[in-house]
Amino acid sequence: MDLGDSAAEAAFRAELRDWIEANCPDELRGGDARDQHAFEAASRRWLGTLARAGYAGVTWPVRCGGQGLSQVYGAIVLEELARSAAPPHIGLVGLNMCGPTLIAFGTEEQQGRHLPQLLTGEEIWCQGFSEPGAGSDLAALRMRADFRGDRIVLNGQKVWSSFAHAADFCLLLARSDPESSGHRGLTMLILDMHAPGAEVRPIRQLTGEPEFNEIFLTGAELPAANVIGPVGEGWRVAMTTLLHERGTLGVALTAALEYNVARLVELACMADDDGRRAADDPLLRDRIARELIELAALRTTNLRALSNLVDSGVPGPEGSVVKLRWSEANRRVTALGQELLGVDGLLAGSDAPLGAFWQYQQLRSLGNTIEAGTSEVLRGIVAERVLGLPRSR
Ligand SMILES: Cc1cc2nc3c(=O)[nH]c(=O)nc-3n(C[C@H](O)[C@H](O)[C@H](O)COP(=O)(O)OP(=O)(O)OC[C@H]3O[C@@H](n4cnc5c(N)ncnc54)[C@H](O)[C@@H]3O)c2cc1C
């Protein structure tokens, strides 16, 4: 089996790499702490630049504004962007989750209205699934969607919604059958975030950034035409969204980890005033070697996932394995970076002698083991769906 790029894929990768080098704004690179407002504006422009060059939604059908390329090309784009240390852009939730959901279940009108603006970043999307009391157990959600003629009225609360403060639309899962419980009676909706009755309250994270939000809906209305997929079958639609969240991001996550490990090696090889290097310590070299081995395992698991995806067209459970192992490795790697900095790791912003890369990355890495499924929940998925162990409940 040939695990390398074909000639056409290698040419696409080389062209993209040059293009990123020439076009990605410096202020977006690096992964340090950042000014949220300036970052969001630059990130929105960056998505537009990517889209104009044809590098946004490359796997989407041509009729939906994509290039109709195979998942291998989608993986190459994600990988090269992560390798160049270009940060996740503000349209990530829209491009990777909401767009594919609309392509799978949306009507022609919904696709025509939303996909072009979503591709260019002119309209930003957020995902409104989690609620207080319904995170890992998403089917416990209670947000009410009452159908009144050709209108739907929403009441309830969502939480942890990334980029909701900047979003124009929300992919929202709500309970349309008040008598139902669990997976039944849920419906997927498109909510205009500027509708009266929709209030967004940012939550400040450990990094200091208000990247995610609470959404309060009090009598917010939307047209019945904004239902995605069949009424009452929102769970099936949501599973497609979540498969895309974990399914194709593995290569980007792995490439981002590769970047962090390379910076860790650089840091370990820096000599102090007495000419000593952390890398001279064999125990430390062992710890870094362990992360390089983990990276190799992640890369091969990604290739297995990609090959299954190309064959079946549907992301498989390997995405959960990669998300679990990547998020835990990233926590270890960033903690090790902090350890090497010693007391300098306590300083942030312009006071930090080597910039605040490790400080920021370590704080942000803690959320990685919670978002898109906590490590405990992912272990349960791997146990039941990959290893075939008996169900725990
Ligand atoms: C940075 C970040 C961004 C996010 N962005 C979004 C977003 O854009 N949209 C959105 O809808 N949500 C988003 N989330 C929410 C995320 O999906 C939830 O936080 C996650 O699913 C966990 O749910 P919870 O926080 O309610 O924790 P809970 O589900 O209450 O879990 C609490 C603890 O119990 C454990 N636990 C729960 N169930 C089990 C089980 N069956 N087996 C073993 N242990 C279990 C968990 O592992 C955890 O340690 C985001 C979260 C983060 C951190």
# chains A, B, ... in the order shown; residues from 1 in each chain; ligands from 1
call {"tool": "residues_around", "arguments": {"residues": "segment 143-156 of chain A", "least_positions_apart": "6", "cutoff": "10 Å", "atoms": "only C-alpha atoms", "output": "number ranges by chain"}}
result
A: 129-131, 172-178, 186-189, 191, 197-198, 215-227
call {"tool": "residues_near_ligand", "arguments": {"ligand": "ligand 1", "cutoff": "7 Å", "atoms": "only C-alpha atoms and all ligand atoms", "output": "number ranges by chain"}}
result
A: 126-137, 159-162, 212, 367-368, 370-377, 380
call {"tool": "closest_residue", "arguments": {"among": "A:His37, A:Arg263, A:Arg379, A:Arg277", "to": "Leu336 of chain A", "atoms": "only C-alpha atoms"}}
result
A:Arg263
call {"tool": "closest_residue", "arguments": {"among": "A:Glu109, A:Glu209, A:Asp344, A:Glu328", "to": "Phe39 of chain A", "atoms": "only C-alpha atoms"}}
result
A:Glu209
call {"tool": "closest_residue", "arguments": {"among": "A:Arg285, A:Arg142, A:Arg29, A:Arg290", "to": "Ser181 of chain A", "atoms": "only C-alpha atoms"}}
result
A:Arg142
call {"tool": "decode", "arguments": {"residues": "segment 71-85 of chain A", "atoms": "N, CA and C atoms", "output": "PDB file, in the first residue's frame"}}
result
ATOM      1  N   GLN A  71     -11.764  13.553  -0.400  1.00  0.00           N
ATOM      2  CA  GLN A  71     -11.437  13.873   0.996  1.00  0.00           C
ATOM      3  C   GLN A  71      -9.930  13.988   1.214  1.00  0.00           C
ATOM      4  N   VAL A  72      -9.142  13.331   0.346  1.00  0.00           N
ATOM      5  CA  VAL A  72      -7.682  13.404   0.484  1.00  0.00           C
ATOM      6  C   VAL A  72      -7.240  14.866   0.312  1.00  0.00           C
ATOM      7  N   TYR A  73      -7.850  15.569  -0.647  1.00  0.00           N
ATOM      8  CA  TYR A  73      -7.481  16.972  -0.875  1.00  0.00           C
ATOM      9  C   TYR A  73      -7.938  17.852   0.299  1.00  0.00           C
ATOM     10  N   GLY A  74      -9.121  17.517   0.856  1.00  0.00           N
ATOM     11  CA  GLY A  74      -9.595  18.251   2.035  1.00  0.00           C
ATOM     12  C   GLY A  74      -8.597  18.107   3.174  1.00  0.00           C
ATOM     13  N   ALA A  75      -8.074  16.864   3.326  1.00  0.00           N
ATOM     14  CA  ALA A  75      -7.104  16.598   4.391  1.00  0.00           C
ATOM     15  C   ALA A  75      -5.806  17.362   4.125  1.00  0.00           C
ATOM     16  N   ILE A  76      -5.391  17.452   2.864  1.00  0.00           N
ATOM     17  CA  ILE A  76      -4.150  18.177   2.539  1.00  0.00           C
ATOM     18  C   ILE A  76      -4.296  19.657   2.917  1.00  0.00           C
ATOM     19  N   VAL A  77      -5.456  20.245   2.613  1.00  0.00           N
ATOM     20  CA  VAL A  77      -5.658  21.667   2.946  1.00  0.00           C
ATOM     21  C   VAL A  77      -5.568  21.870   4.458  1.00  0.00           C
ATOM     22  N   LEU A  78      -6.289  21.024   5.210  1.00  0.00           N
ATOM     23  CA  LEU A  78      -6.283  21.166   6.676  1.00  0.00           C
ATOM     24  C   LEU A  78      -4.861  20.993   7.225  1.00  0.00           C
ATOM     25  N   GLU A  79      -4.159  20.005   6.684  1.00  0.00           N
ATOM     26  CA  GLU A  79      -2.821  19.693   7.185  1.00  0.00           C
ATOM     27  C   GLU A  79      -1.844  20.833   6.902  1.00  0.00           C
ATOM     28  N   GLU A  80      -1.873  21.350   5.692  1.00  0.00           N
ATOM     29  CA  GLU A  80      -0.921  22.412   5.339  1.00  0.00           C
ATOM     30  C   GLU A  80      -1.218  23.707   6.098  1.00  0.00           C
ATOM     31  N   LEU A  81      -2.505  23.987   6.311  1.00  0.00           N
ATOM     32  CA  LEU A  81      -2.844  25.193   7.087  1.00  0.00           C
ATOM     33  C   LEU A  81      -2.324  25.057   8.511  1.00  0.00           C
ATOM     34  N   ALA A  82      -2.525  23.888   9.105  1.00  0.00           N
ATOM     35  CA  ALA A  82      -2.065  23.686  10.489  1.00  0.00           C
ATOM     36  C   ALA A  82      -0.541  23.716  10.555  1.00  0.00           C
ATOM     37  N   ARG A  83       0.131  23.131   9.543  1.00  0.00           N
ATOM     38  CA  ARG A  83       1.598  23.109   9.531  1.00  0.00           C
ATOM     39  C   ARG A  83       2.198  24.501   9.476  1.00  0.00           C
ATOM     40  N   SER A  84       1.485  25.409   8.803  1.00  0.00           N
ATOM     41  CA  SER A  84       2.026  26.758   8.641  1.00  0.00           C
ATOM     42  C   SER A  84       1.744  27.603   9.886  1.00  0.00           C
ATOM     43  N   ALA A  85       1.107  26.969  10.903  1.00  0.00           N
ATOM     44  CA  ALA A  85       0.738  27.653  12.143  1.00  0.00           C
ATOM     45  C   ALA A  85      -0.286  28.747  11.900  1.00  0.00           C
TER      46      ALA A  85
END
